[in-house]
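Below: the structure, in structure tokens.
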Amino acid sequence: MTDDDLISRLEEQEQRLTFARFDNADAWHLGSLLVDLATTRELPVAVDIRRGTQQLFHAALPGSTADNDVWIARKVRVVERFAASSFLVGRRLAAKGDALDAKYGVDPADYAAHGGAFPVRVPDVGVVGVVTVSGLPQADDHALVVEAIETHLSGA
């Protein structure tokens, strides 16, 4: 898959995966779903869900470390700043040969344009939160979040 194909696929996901609303119950359901998926697959991840500045859900599964929490914070800042998934921001930068710190003057200790943080977007409102997974290769972190959001939005 080319960079352009991947970027198009990521953009399509963000357009398609929107929430009619996002409350504490949605965060709990989505977070529990992510924990179930990761536990079943024995994935060493940390899961984090925020609405605005409030952390609504957090779980650290076996094999994850405190470093995953640092990665979560760095990925969340990317979504909050750019209103796009951390993976999409990173792929757009890479496709142009740019680096986040050089292009936008941000500290890499605070921002990570690596996959795993996905915006919670409500139509006519915008990005109201972030769902994040850390602990796997970036494409896998992103894919796990997308799978859970798709399942959650389907009503399962």
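How things are named: the first chain in the structure tokens is A, the next is B, and so on; residues count from 1 in each chain; ligands count from 1 in the order shown.
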Quick one: everything within 9 Å of Arg77 (chain A), counting only C-alpha atoms, minus sequence neighbours fewer than 3 positions away in the same chain. Send it as a ChimeraX atom specification.
/A:72-74,80-82,86,110-112
Polymer residues at most 8 Å from Asn68 (chain A), only C-alpha atoms, same-chain spacing of 2 or more positions, as a list in words
Val45, Ala46, Ser64, Thr65, Ala66, Val70, Trp71, Ile72, Ser134 and Gly135 of chain A
Could you give me, as a list in words, the residues within 10 Å of Ala139 (chain A), counting only C-alpha atoms and dropping anything in the same chain fewer than 4 positions from it?
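Contacts, with the query itself left out: Phe87, His114, Gly115, Gly116, Ala143 and Leu144 of chain A.
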Could you work out how far CA of Asp5 (chain A) lies from CA of Ala102 (chain A), giving the answer in Å with one decimal?
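About the pair CA of Ala102 (chain A) and CA of Asp5 (chain A): they are 24.9 Å apart.
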I need the residues in chain A that are alpha helix (DSSP H) according to DSSP; give them as a count of residues only.
79
Interatomic distance between CA of Thr39 (chain A) and CA of Pro62 (chain A)?
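These two atoms are separated by 8.7 Å.
Our summary of the geometry notes that CA of Leu6 (chain A) is positioned 13.7 Å from CA of Asp140 (chain A).
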Pick out the residues sitting within 12 Å of Arg92 (chain A), and hand them over as a ChimeraX atom specification; count only C-alpha atoms, and ignore anything fewer than 6 positions along from it in its own chain.
/A:2-8,10-11,82,84-86,98-100,103,113-115
Can I get the selected residues back with N, CA and C atoms, as a compact mmCIF listing (two decimals), in the first residue's frame?
```txt
# COMPACT_ATOMS: atom_id res chain seq x y z
N THR A 2 0.60 2.17 -0.88
CA THR A 2 1.38 3.40 -0.96
C THR A 2 1.00 4.34 0.18
N ASP A 3 1.85 5.35 0.42
CA ASP A 3 1.53 6.35 1.43
C ASP A 3 0.19 7.02 1.14
N ASP A 4 -0.04 7.35 -0.14
CA ASP A 4 -1.30 8.00 -0.52
C ASP A 4 -2.49 7.10 -0.24
N ASP A 5 -2.36 5.80 -0.53
CA ASP A 5 -3.45 4.86 -0.26
C ASP A 5 -3.73 4.77 1.23
N LEU A 6 -2.68 4.69 2.02
CA LEU A 6 -2.84 4.59 3.47
C LEU A 6 -3.47 5.86 4.02
N ILE A 7 -2.99 7.01 3.58
CA ILE A 7 -3.56 8.28 4.04
C ILE A 7 -5.03 8.37 3.67
N SER A 8 -5.39 7.96 2.46
CA SER A 8 -6.80 7.98 2.04
C SER A 8 -7.64 7.05 2.92
N LEU A 10 -6.99 6.15 6.03
CA LEU A 10 -7.09 6.74 7.36
C LEU A 10 -8.09 7.90 7.38
N GLU A 11 -8.09 8.71 6.34
CA GLU A 11 -9.04 9.82 6.24
C GLU A 11 -10.47 9.29 6.15
N PHE A 82 -4.22 18.68 16.29
CA PHE A 82 -4.48 18.60 14.85
C PHE A 82 -5.87 18.08 14.49
N ALA A 84 -7.01 15.17 14.32
CA ALA A 84 -6.89 14.00 13.45
C ALA A 84 -6.15 12.93 14.23
N SER A 85 -6.28 11.68 13.78
CA SER A 85 -5.61 10.60 14.49
C SER A 85 -4.09 10.80 14.45
N SER A 86 -3.45 10.32 15.49
CA SER A 86 -1.99 10.46 15.57
C SER A 86 -1.32 9.72 14.41
N ASP A 98 8.52 15.41 6.27
CA ASP A 98 8.58 16.34 7.38
C ASP A 98 8.61 15.60 8.71
N ALA A 99 9.06 16.30 9.74
CA ALA A 99 9.02 15.79 11.11
C ALA A 99 8.17 16.75 11.93
N LEU A 100 7.42 16.20 12.86
CA LEU A 100 6.50 17.00 13.67
C LEU A 100 7.21 18.13 14.40
N LYS A 103 8.59 20.82 11.79
CA LYS A 103 7.54 21.54 11.06
C LYS A 103 6.69 22.43 11.97
N ALA A 113 3.58 11.68 16.87
CA ALA A 113 2.71 11.41 15.73
C ALA A 113 2.87 9.94 15.33
N HIS A 114 2.54 9.06 16.26
CA HIS A 114 2.61 7.62 16.06
C HIS A 114 1.20 7.06 16.27
N GLY A 115 0.86 6.02 15.57
CA GLY A 115 -0.48 5.47 15.61
C GLY A 115 -0.93 5.03 16.99
```
